[in-house]
file structure29.txt (compact mmCIF, C-alpha atoms and all ligand atoms)
# COMPACT_ATOMS: atom_id res chain seq x y z
CA MET A 1 54.04 -20.16 -76.31
CA ASN A 2 50.91 -20.68 -78.20
CA GLN A 3 48.95 -21.92 -81.06
CA MET A 4 51.07 -23.52 -83.74
CA ALA A 5 49.00 -26.60 -83.83
CA ALA A 6 46.79 -29.02 -85.57
CA ILE A 7 46.02 -32.59 -84.94
CA ASP A 8 45.14 -34.97 -87.68
CA GLY A 9 44.88 -38.31 -86.33
CA ASN A 10 43.68 -41.31 -84.54
CA SER A 11 40.88 -39.55 -82.69
CA LYS A 12 38.79 -38.94 -85.81
CA GLY A 13 35.33 -40.41 -85.65
CA ASN A 14 35.58 -41.38 -82.03
CA PRO A 15 34.06 -39.01 -79.52
CA ASN A 16 34.91 -41.33 -76.63
CA PHE A 17 38.62 -40.76 -76.24
CA THR A 18 40.58 -42.31 -73.45
CA THR A 19 43.48 -40.58 -71.75
CA ASN A 20 45.93 -42.72 -73.68
CA ASP A 21 44.40 -41.99 -77.08
CA THR A 22 44.49 -38.31 -76.36
CA THR A 23 48.07 -38.40 -75.15
CA ALA A 24 49.04 -40.40 -78.24
CA GLN A 25 47.34 -37.74 -80.32
CA ALA A 26 49.35 -35.02 -78.62
CA VAL A 27 52.61 -36.95 -79.01
CA LYS A 28 52.10 -37.41 -82.73
CA ASP A 29 54.25 -35.10 -84.85
CA THR A 30 52.71 -33.72 -87.98
CA LEU A 31 53.85 -30.75 -89.98
CA LEU A 32 51.08 -28.65 -88.45
CA ALA A 33 51.33 -29.93 -84.88
CA PRO A 34 52.94 -27.99 -82.04
CA ARG A 35 56.53 -29.00 -81.51
CA PHE A 36 58.89 -29.31 -78.59
CA TYR A 37 62.20 -27.47 -78.86
CA ARG A 38 65.76 -27.53 -77.63
CA THR A 39 68.35 -24.84 -78.23
CA ASN A 40 71.96 -23.78 -77.74
CA TYR A 41 72.08 -22.80 -74.07
CA ALA A 42 75.71 -21.62 -74.13
CA GLU A 43 74.84 -19.11 -76.81
CA MET A 44 71.76 -18.00 -74.92
CA ASP A 45 73.93 -17.51 -71.86
CA ARG A 46 75.75 -14.75 -73.70
CA LEU A 47 72.55 -12.84 -74.40
CA ASP A 48 72.92 -9.17 -73.47
CA VAL A 49 69.86 -7.07 -72.67
CA GLU A 50 71.82 -4.02 -71.42
CA PRO A 51 70.68 -1.82 -74.36
CA VAL A 52 67.06 -2.19 -73.15
CA ARG A 53 67.81 -2.35 -69.40
CA ALA A 54 65.18 0.19 -68.29
CA GLU A 55 62.33 -1.52 -70.20
CA TRP A 56 63.63 -4.93 -69.19
CA ASP A 57 63.56 -4.19 -65.46
CA LYS A 58 60.09 -2.67 -65.75
CA MET A 59 58.85 -5.79 -67.50
CA LEU A 60 60.39 -8.13 -64.93
CA ALA A 61 58.68 -6.09 -62.21
CA GLU A 62 55.37 -6.72 -63.99
CA TYR A 63 56.05 -10.46 -63.98
CA ALA A 64 56.95 -10.31 -60.29
CA ALA A 65 53.72 -8.43 -59.48
CA ASP A 66 51.91 -11.43 -60.99
CA ASN A 67 48.50 -9.86 -61.52
CA ASN A 68 47.08 -13.12 -62.87
CA HIS A 69 48.10 -15.05 -59.78
CA ASP A 70 44.56 -16.12 -58.89
CA HIS A 71 43.05 -16.00 -62.35
CA PHE A 72 43.57 -19.67 -63.19
CA ARG A 73 42.82 -21.01 -59.73
CA GLY A 74 39.11 -20.34 -59.30
CA GLU A 75 36.50 -23.05 -59.50
CA VAL A 76 34.86 -23.45 -62.88
CA ASP A 77 31.28 -24.64 -63.02
CA TYR A 78 31.57 -26.47 -66.33
CA ASP A 79 28.17 -28.12 -66.10
CA ALA A 80 26.34 -24.87 -65.54
CA GLU A 81 27.98 -23.06 -68.44
CA MET A 82 28.64 -25.70 -71.04
CA HIS A 83 26.19 -26.13 -73.89
CA GLU A 84 25.15 -29.49 -75.22
CA LEU A 85 27.67 -30.34 -77.99
CA SER A 86 27.15 -32.65 -80.95
CA PRO A 87 29.70 -35.52 -81.05
CA GLU A 88 31.37 -33.92 -84.09
CA LEU A 89 31.69 -30.52 -82.44
CA ARG A 90 32.88 -32.13 -79.24
CA GLU A 91 35.59 -33.88 -81.23
CA GLU A 92 36.77 -30.66 -82.91
CA PHE A 93 36.70 -28.84 -79.59
CA ILE A 94 38.80 -31.56 -77.96
CA ASP A 95 41.24 -31.37 -80.91
CA PHE A 96 41.45 -27.63 -80.32
CA LEU A 97 42.10 -28.10 -76.60
CA VAL A 98 44.69 -30.83 -77.17
CA SER A 99 46.64 -28.77 -79.66
CA SER A 100 46.40 -25.78 -77.32
CA ILE A 101 47.64 -27.71 -74.31
CA THR A 102 50.49 -29.18 -76.36
CA ALA A 103 51.53 -25.69 -77.42
CA GLU A 104 51.27 -24.28 -73.89
CA TYR A 105 53.18 -27.18 -72.46
CA SER A 106 55.80 -27.04 -75.18
CA GLY A 107 56.46 -23.42 -74.12
CA CYS A 108 56.57 -24.44 -70.48
CA VAL A 109 59.14 -27.19 -71.13
CA LEU A 110 61.32 -25.02 -73.35
CA TYR A 111 61.37 -22.06 -70.95
CA ASN A 112 62.10 -24.37 -68.02
CA GLU A 113 64.96 -26.09 -69.86
CA ILE A 114 66.51 -22.75 -70.74
CA LYS A 115 66.18 -21.59 -67.13
CA LYS A 116 67.90 -24.74 -65.87
CA ASN A 117 70.72 -24.62 -68.40
CA VAL A 118 71.84 -20.99 -68.36
CA GLU A 119 73.70 -18.93 -65.77
CA ASN A 120 72.69 -15.57 -67.19
CA GLN A 121 70.49 -14.07 -64.47
CA ASP A 122 68.36 -11.96 -66.83
CA VAL A 123 67.53 -14.94 -68.99
CA GLN A 124 66.93 -17.19 -65.98
CA ASP A 125 64.52 -14.75 -64.36
CA LEU A 126 62.53 -14.25 -67.52
CA MET A 127 62.32 -17.96 -68.32
CA ALA A 128 61.16 -18.79 -64.80
CA TYR A 129 58.27 -16.31 -65.08
CA MET A 130 57.24 -17.44 -68.54
CA ALA A 131 57.38 -21.12 -67.55
CA ARG A 132 55.23 -20.27 -64.52
CA ASP A 133 52.57 -18.71 -66.75
CA GLU A 134 52.58 -21.49 -69.36
CA SER A 135 52.32 -24.14 -66.68
CA ARG A 136 49.20 -22.40 -65.35
CA HIS A 137 47.74 -22.23 -68.84
CA ALA A 138 48.43 -25.90 -69.54
CA GLY A 139 47.02 -26.94 -66.16
CA PHE A 140 43.87 -24.94 -66.78
CA ILE A 141 43.27 -26.59 -70.16
CA ASN A 142 43.90 -29.98 -68.59
CA ARG A 143 41.11 -29.32 -66.11
CA ALA A 144 38.74 -28.54 -68.98
CA LEU A 145 39.85 -31.70 -70.77
CA LYS A 146 39.35 -33.80 -67.65
CA HIS A 147 35.82 -32.50 -67.37
CA LEU A 148 35.27 -33.73 -70.94
CA GLY A 149 36.44 -37.15 -69.83
CA VAL A 150 39.92 -36.96 -71.36
CA ALA A 151 43.32 -35.90 -70.13
CA VAL A 152 46.73 -35.50 -71.63
CA ASP A 153 49.51 -37.06 -69.59
CA LEU A 154 51.95 -34.14 -69.61
CA GLY A 155 54.84 -36.10 -68.09
CA PHE A 156 54.53 -38.70 -70.82
CA LEU A 157 54.36 -35.99 -73.44
CA LYS A 158 57.57 -34.43 -72.13
CA ARG A 159 59.39 -37.75 -72.30
CA GLU A 160 58.04 -39.12 -75.54
CA LYS A 161 57.62 -36.21 -77.90
CA ASP A 162 60.39 -35.58 -80.40
CA TYR A 163 62.39 -32.43 -79.84
CA THR A 164 63.37 -30.10 -82.65
CA TYR A 165 66.67 -28.24 -82.31
CA PHE A 166 66.38 -24.52 -82.99
CA LYS A 167 69.21 -21.99 -82.83
CA PRO A 168 68.47 -19.27 -80.26
CA LYS A 169 67.61 -16.73 -82.93
CA TYR A 170 64.99 -19.05 -84.43
CA ILE A 171 63.57 -19.49 -80.93
CA TYR A 172 63.27 -15.70 -80.64
CA TYR A 173 61.51 -15.27 -84.00
CA ALA A 174 59.22 -18.28 -83.59
CA THR A 175 58.23 -17.81 -79.96
CA TYR A 176 57.78 -14.05 -80.40
CA LEU A 177 55.34 -14.73 -83.21
CA SER A 178 53.53 -17.58 -81.57
CA GLU A 179 53.05 -15.55 -78.36
CA LYS A 180 51.75 -12.55 -80.28
CA ILE A 181 49.53 -14.55 -82.61
CA GLY A 182 48.25 -16.41 -79.53
CA TYR A 183 47.31 -13.06 -78.02
CA ALA A 184 45.61 -11.98 -81.25
CA ARG A 185 43.63 -15.21 -81.48
CA TYR A 186 42.43 -15.20 -77.87
CA ILE A 187 41.49 -11.53 -77.85
CA THR A 188 39.62 -11.81 -81.16
CA ILE A 189 37.56 -14.72 -79.84
CA PHE A 190 37.02 -12.95 -76.52
CA ARG A 191 35.83 -9.70 -78.17
CA HIS A 192 33.54 -11.64 -80.50
CA LEU A 193 31.94 -13.51 -77.59
CA GLU A 194 31.50 -10.27 -75.64
CA LYS A 195 29.17 -9.25 -78.45
CA HIS A 196 27.60 -12.71 -78.83
CA PRO A 197 27.49 -14.26 -75.35
CA GLU A 198 24.92 -16.80 -76.51
CA LYS A 199 27.68 -18.41 -78.59
CA ARG A 200 29.95 -19.01 -75.60
CA PHE A 201 29.45 -22.76 -75.51
CA HIS A 202 32.18 -23.45 -72.94
CA PRO A 203 33.35 -21.44 -69.89
CA ILE A 204 37.03 -21.56 -70.91
CA PHE A 205 36.43 -18.65 -73.31
CA ARG A 206 35.67 -16.36 -70.35
CA TRP A 207 39.29 -16.75 -69.23
CA PHE A 208 40.78 -15.62 -72.53
CA GLN A 209 41.27 -11.92 -71.81
CA GLU A 210 43.64 -12.21 -68.84
CA TRP A 211 45.14 -15.28 -70.45
CA CYS A 212 46.06 -13.44 -73.60
CA ASN A 213 47.60 -10.62 -71.58
CA ASP A 214 50.11 -13.18 -70.31
CA GLU A 215 50.87 -14.19 -73.91
CA PHE A 216 51.15 -10.55 -74.89
CA ARG A 217 53.75 -9.94 -72.18
CA HIS A 218 55.71 -13.04 -73.21
CA GLY A 219 55.83 -11.61 -76.72
CA GLU A 220 57.02 -8.26 -75.34
CA SER A 221 59.92 -10.05 -73.64
CA LEU A 222 61.06 -11.66 -76.87
CA ALA A 223 60.66 -8.31 -78.64
CA LEU A 224 62.99 -6.68 -76.09
CA ILE A 225 65.57 -9.44 -76.59
CA MET A 226 65.55 -8.82 -80.34
CA ARG A 227 65.60 -5.04 -79.91
CA ALA A 228 68.64 -5.38 -77.66
CA ASN A 229 70.36 -7.37 -80.41
CA PRO A 230 69.45 -5.51 -83.59
CA HIS A 231 71.70 -7.65 -85.80
CA LEU A 232 68.93 -10.26 -85.46
CA LEU A 233 66.68 -7.95 -87.49
CA ARG A 234 69.09 -6.92 -90.23
CA GLY A 235 70.78 -8.30 -93.33
CA TYR A 236 70.07 -11.89 -94.23
CA ASN A 237 68.24 -12.41 -90.93
CA LYS A 238 65.37 -10.54 -92.59
CA LEU A 239 64.92 -13.64 -94.73
CA TRP A 240 64.41 -15.66 -91.54
CA VAL A 241 61.91 -13.17 -90.17
CA ARG A 242 60.03 -13.46 -93.45
CA PHE A 243 60.17 -17.24 -93.30
CA PHE A 244 58.82 -17.47 -89.76
CA LEU A 245 56.04 -14.98 -90.44
CA LEU A 246 54.88 -17.04 -93.38
CA ALA A 247 55.30 -20.39 -91.59
CA VAL A 248 53.24 -19.24 -88.61
CA TYR A 249 50.53 -17.52 -90.69
CA SER A 250 50.10 -20.32 -93.20
CA THR A 251 50.08 -23.04 -90.54
CA MET A 252 47.37 -21.22 -88.67
CA TYR A 253 45.27 -20.69 -91.80
CA VAL A 254 45.41 -24.33 -92.86
CA ARG A 255 44.81 -25.66 -89.37
CA ASP A 256 41.89 -23.39 -88.48
CA HIS A 257 40.05 -24.52 -91.60
CA THR A 258 40.21 -28.12 -90.42
CA ARG A 259 37.80 -27.16 -87.61
CA PRO A 260 34.73 -25.75 -89.38
CA LEU A 261 32.26 -26.84 -86.70
CA LEU A 262 34.18 -25.12 -83.93
CA TYR A 263 34.02 -21.79 -85.74
CA GLU A 264 30.40 -22.31 -86.76
CA ALA A 265 29.49 -22.92 -83.10
CA LEU A 266 31.28 -19.70 -82.14
CA GLY A 267 29.43 -17.88 -84.92
CA MET A 268 32.68 -17.02 -86.68
CA ASP A 269 33.93 -17.46 -90.21
CA PRO A 270 37.43 -19.02 -90.04
CA THR A 271 38.71 -17.04 -93.04
CA GLU A 272 37.52 -13.72 -91.61
CA PHE A 273 38.84 -14.70 -88.20
CA ASP A 274 42.26 -15.57 -89.58
CA PHE A 275 42.63 -12.34 -91.52
CA ARG A 276 41.60 -10.34 -88.47
CA VAL A 277 44.26 -12.22 -86.46
CA PHE A 278 46.86 -11.54 -89.20
CA ASP A 279 45.98 -7.82 -89.14
CA ILE A 280 46.46 -7.60 -85.37
CA THR A 281 49.64 -9.67 -85.37
CA THR A 282 51.10 -7.67 -88.26
CA GLU A 283 50.30 -4.40 -86.48
CA ILE A 284 51.96 -5.64 -83.27
CA SER A 285 54.99 -7.10 -85.04
CA LYS A 286 55.87 -3.66 -86.41
CA GLN A 287 57.37 -3.03 -82.96
CA VAL A 288 60.28 -5.25 -83.91
CA PHE A 289 60.24 -6.78 -87.39
CA PRO A 290 61.72 -4.87 -90.33
CA LEU A 291 59.03 -6.13 -92.71
CA THR A 292 55.43 -7.32 -92.79
CA LEU A 293 53.59 -9.73 -95.07
CA ASP A 294 51.04 -8.31 -97.50
CA THR A 295 48.18 -10.50 -96.31
CA ASP A 296 45.58 -8.31 -98.06
CA SER A 297 46.94 -9.03 -101.52
CA PRO A 298 44.58 -11.26 -103.53
CA ARG A 299 47.54 -13.31 -104.78
CA PHE A 300 48.73 -13.94 -101.24
CA ARG A 301 45.23 -14.97 -100.16
CA ALA A 302 44.91 -17.29 -103.15
CA GLY A 303 48.19 -18.95 -102.16
CA LEU A 304 46.91 -19.62 -98.65
CA GLU A 305 43.71 -21.05 -100.11
CA ARG A 306 45.75 -23.34 -102.35
CA LEU A 307 47.68 -24.61 -99.31
CA ARG A 308 44.40 -25.29 -97.56
CA GLU A 309 43.00 -27.23 -100.55
CA ILE A 310 46.16 -29.32 -100.77
CA ASN A 311 45.88 -30.13 -97.07
CA VAL A 312 42.28 -31.27 -97.52
CA GLU A 313 43.34 -33.55 -100.39
CA ILE A 314 46.26 -34.96 -98.40
CA LEU A 315 44.03 -35.73 -95.40
CA ALA A 316 41.54 -37.52 -97.67
CA LEU A 317 44.34 -39.61 -99.22
CA LYS A 318 45.66 -40.50 -95.76
CA GLN A 319 42.25 -41.92 -94.90
CA ARG A 320 42.24 -43.94 -98.13
CA GLY A 321 45.68 -45.51 -97.77
CA GLY A 322 47.37 -47.71 -100.38
CA LEU A 323 50.27 -47.19 -102.76
CA GLY A 324 48.38 -45.03 -105.26
CA ALA A 325 47.31 -42.68 -102.50
CA ARG A 326 50.85 -42.50 -101.18
CA ILE A 327 52.24 -41.54 -104.59
CA LYS A 328 49.57 -38.88 -104.99
CA ARG A 329 50.42 -37.55 -101.56
CA LEU A 330 54.05 -37.12 -102.59
CA GLY A 331 52.92 -35.07 -105.57
CA LEU A 332 50.69 -32.95 -103.36
CA SER A 333 53.47 -32.38 -100.83
CA ALA A 334 55.65 -31.09 -103.66
CA ALA A 335 52.80 -28.80 -104.77
CA ALA A 336 52.48 -27.52 -101.19
CA GLY A 337 56.22 -26.80 -101.10
CA LEU A 338 56.00 -24.89 -104.36
CA THR A 339 52.99 -22.89 -103.17
CA PHE A 340 54.83 -22.03 -99.96
CA LEU A 341 57.82 -20.88 -102.01
CA LYS A 342 55.59 -18.63 -104.15
CA LEU A 343 54.10 -17.14 -101.00
CA TYR A 344 57.59 -16.64 -99.64
CA LEU A 345 58.63 -14.76 -102.75
CA HIS A 346 55.51 -12.58 -102.67
CA PRO A 347 56.63 -8.95 -102.09
CA THR A 348 56.63 -7.86 -98.44
CA LYS A 349 56.19 -4.36 -97.00
CA PRO A 350 59.19 -2.69 -95.37
CA ASN A 351 58.76 -1.44 -91.80
CA ALA A 352 60.77 1.20 -89.95
CA ILE A 353 61.17 -0.05 -86.37
CA PRO A 354 59.83 2.60 -83.93
CA GLU A 355 61.78 4.29 -81.13
CA GLU A 356 59.56 2.97 -78.36
CA PRO A 357 59.89 -0.83 -78.06
CA ARG A 358 57.00 -1.64 -75.72
CA LEU A 359 53.33 -1.92 -76.68
CA ALA A 360 50.16 -2.24 -74.63
CA PRO A 361 47.53 -4.94 -75.29
CA VAL A 362 44.84 -2.58 -76.56
CA TRP A 363 42.98 -4.78 -79.01
FE FE B 401 52.99 -17.64 -73.70
FE FE B 402 50.37 -19.64 -72.66
call {"tool": "encode", "arguments": {"input": "structure29.txt", "output": "structure tokens", "more": "lines below"}}
Ligand SMILES: [Fe+2]
Ligand SMILES: [Fe+2]
result
Amino acid sequence: MNQMAAIDGNSKGNPNFTTNDTTAQAVKDTLLAPRFYRTNYAEMDRLDVEPVRAEWDKMLAEYAADNNHDHFRGEVDYDAEMHELSPELREEFIDFLVSSITAEYSGCVLYNEIKKNVENQDVQDLMAYMARDESRHAGFINRALKHLGVAVDLGFLKREKDYTYFKPKYIYYATYLSEKIGYARYITIFRHLEKHPEKRFHPIFRWFQEWCNDEFRHGESLALIMRANPHLLRGYNKLWVRFFLLAVYSTMYVRDHTRPLLYEALGMDPTEFDFRVFDITTEISKQVFPLTLDTDSPRFRAGLERLREINVEILALKQRGGLGARIKRLGLSAAAGLTFLKLYLHPTKPNAIPEEPRLAPVW
């Protein structure tokens, strides 16, 4: 699982986090923060992948071959490769790492729970492999965080974070998208830094290519599950697909714009970056979703901008505190809801799902 994350919170203004502060930050639930999930295991037990058996077995063989086995094990010479960071950039970078580790670990916990609670061998095998990968990813980020003098206590996070219940089909839509958008984000940053190596201010970015291939494959697995159960992509379920596309895209847009220094340091414009990531994700999602969002439409873009502005105002009011600020925040939350609704009602583009379900990570 990947990047549905933002942290607003108690770390602001303090570059000297302790482990506990950082864990508290990761535990905190905000609308934009990565969540932990539970689901209906009995229903997942009945999942049938027979219609895609050939592709399924091929994919499981890829997981078993484990070509990234050693990728996350090597020594990283942080001191040699890390640039000097301003306290403000350091803070945004730590925010980025904390939300990333929370998302990775959230995937790890969910996949592990499913594996433990189902009897269905196909589902068990898949979940074991995906949990393996996410645990490597989370561990790798934790090493980077430790080097920065902070660490997230993952055991504490697992115990203390609130869990959101999602029906299996919502898990399929949401994790499919977050895996694929995670791939699109990592590969876009990686390709950019290939062209501008002087902007690679931390060694972690060198790991992104193989890393995102894991995420890509996770997304492929969820795509196969949905392809094997086409009712998930028809009728009123299309409304859910549309909802999750918008929720994931708009969350990412708002959250990325809360980290201007991070993108400046990478030499990227967050708006351009986000629309590039939407383009890639939309292109990929045509393998399974019956519709795509029209992210190029000026009205759609204006709606996302409005959501971003509202978020900025809400964050400022949170800092201010007091009754007046709280009332204003209620008004702004309503405005955000209305803007989201308008975006939801914005016309989408129909997509004919192709014959061939699998894609290669060619971006
Ligand atoms: Fe993943
Ligand atoms: Fe991951």
call {"tool": "closest_residue", "arguments": {"input": "structure29.txt", "among": "A:His218, A:Arg38, A:Lys195, A:Lys146", "to": "ligand FE 402 (chain B)", "atoms": "all atoms listed in the file"}}
result
A:His218
call {"tool": "closest_atom_pairs", "arguments": {"input": "structure29.txt", "of": "chain A", "to": "ligand FE 402 (chain B)", "cutoff": "8 Å", "atoms": "all atoms listed in the file", "output": "CSV"}}
result
residue,atom,partner,partner_atom,distance
A:Met1,CA,B:FE402,FE,5.2
A:Asn2,CA,B:FE402,FE,5.7
A:Ala103,CA,B:FE402,FE,7.8
A:Glu104,CA,B:FE402,FE,4.9
A:Gly107,CA,B:FE402,FE,7.3
A:Asp133,CA,B:FE402,FE,6.4
A:Glu134,CA,B:FE402,FE,4.4
A:Ser135,CA,B:FE402,FE,7.7
A:Arg136,CA,B:FE402,FE,7.9
A:His137,CA,B:FE402,FE,5.3
A:Ala138,CA,B:FE402,FE,7.3
A:Glu179,CA,B:FE402,FE,7.5
A:Gly182,CA,B:FE402,FE,7.9
A:Trp211,CA,B:FE402,FE,7.2
A:Cys212,CA,B:FE402,FE,7.6
A:Asp214,CA,B:FE402,FE,6.9
A:Glu215,CA,B:FE402,FE,5.6
call {"tool": "closest_residue", "arguments": {"input": "structure29.txt", "among": "A:Gly337, A:Pro51, A:Pro298, A:Gly219", "to": "ligand FE 401 (chain B)", "atoms": "only C-alpha atoms and all ligand atoms"}}
result
A:Gly219
call {"tool": "closest_residue", "arguments": {"input": "structure29.txt", "among": "A:Val109, A:Leu97, A:Val362, A:Ala336", "to": "ligand FE 401 (chain B)", "atoms": "all atoms listed in the file"}}
result
A:Val109
call {"tool": "residues_around", "arguments": {"input": "structure29.txt", "residues": "Leu345 in chain A", "least_positions_apart": "3", "cutoff": "12 Å", "atoms": "all atoms listed in the file", "output": "ChimeraX atom specification"}}
result
/A:239,242-243,246,293-294,299-300,303,338-342,348
call {"tool": "closest_residue", "arguments": {"input": "structure29.txt", "among": "A:Val152, A:Ile314, A:Leu245, A:Ile284", "to": "Ala334 in chain A", "atoms": "all atoms listed in the file"}}
result
A:Ile314
call {"tool": "atom_distance", "arguments": {"input": "structure29.txt", "atom1": "CA of Arg217 in chain A", "atom2": "CA of Asp77 in chain A"}}
result
28.4 Å
call {"tool": "closest_residue", "arguments": {"input": "structure29.txt", "among": "A:Val288, A:Val150, A:Leu110, A:Ile141", "to": "Leu232 in chain A", "atoms": "only C-alpha atoms"}}
result
A:Val288
call {"tool": "closest_residue", "arguments": {"input": "structure29.txt", "among": "A:Ser221, A:Gln124, A:Thr282, A:Thr22", "to": "ligand FE 401 (chain B)", "atoms": "all atoms listed in the file"}}
result
A:Ser221
call {"tool": "atom_distance", "arguments": {"input": "structure29.txt", "atom1": "CA of Trp363 in chain A", "atom2": "CA of Met226 in chain A"}}
result
23.0 Å
call {"tool": "atom_distance", "arguments": {"input": "structure29.txt", "atom1": "CA of Asp21 in chain A", "atom2": "CA of Arg329 in chain A"}}
result
25.6 Å
call {"tool": "residues_around", "arguments": {"input": "structure29.txt", "residues": "Gln209 in chain A", "least_positions_apart": "5", "cutoff": "8 Å", "atoms": "only C-alpha atoms", "output": "CSV table (one decimal) with C-alpha atoms, in the frame of the given file"}}
result
chain,number,residue,atom,x,y,z
A,186,TYR,CA,42.4,-15.2,-77.9
A,187,ILE,CA,41.5,-11.5,-77.8
A,190,PHE,CA,37.0,-13.0,-76.5
call {"tool": "residues_near_point", "arguments": {"input": "structure29.txt", "point": "(66.0, -28.5, -80.4)", "cutoff": "9 Å", "atoms": "only C-alpha atoms", "output": "PyMOL selection string"}}
result
chain A and resi 36-40+163-167
call {"tool": "residues_around", "arguments": {"input": "structure29.txt", "residues": "range 261-276 of chain A", "least_positions_apart": "4", "cutoff": "10 Å", "atoms": "all atoms listed in the file", "output": "ChimeraX atom specification"}}
result
/A:85-86,88-96,184-185,188-189,192-193,196-202,249-250,252-257,280-282,295-296,301,305
call {"tool": "residues_near_point", "arguments": {"input": "structure29.txt", "point": "(66.5, -11.1, -79.6)", "cutoff": "12 Å", "atoms": "only C-alpha atoms", "output": "number ranges by chain"}}
result
A: 43-44, 46-49, 51-52, 123, 167-176, 219-234, 237, 241, 288-289
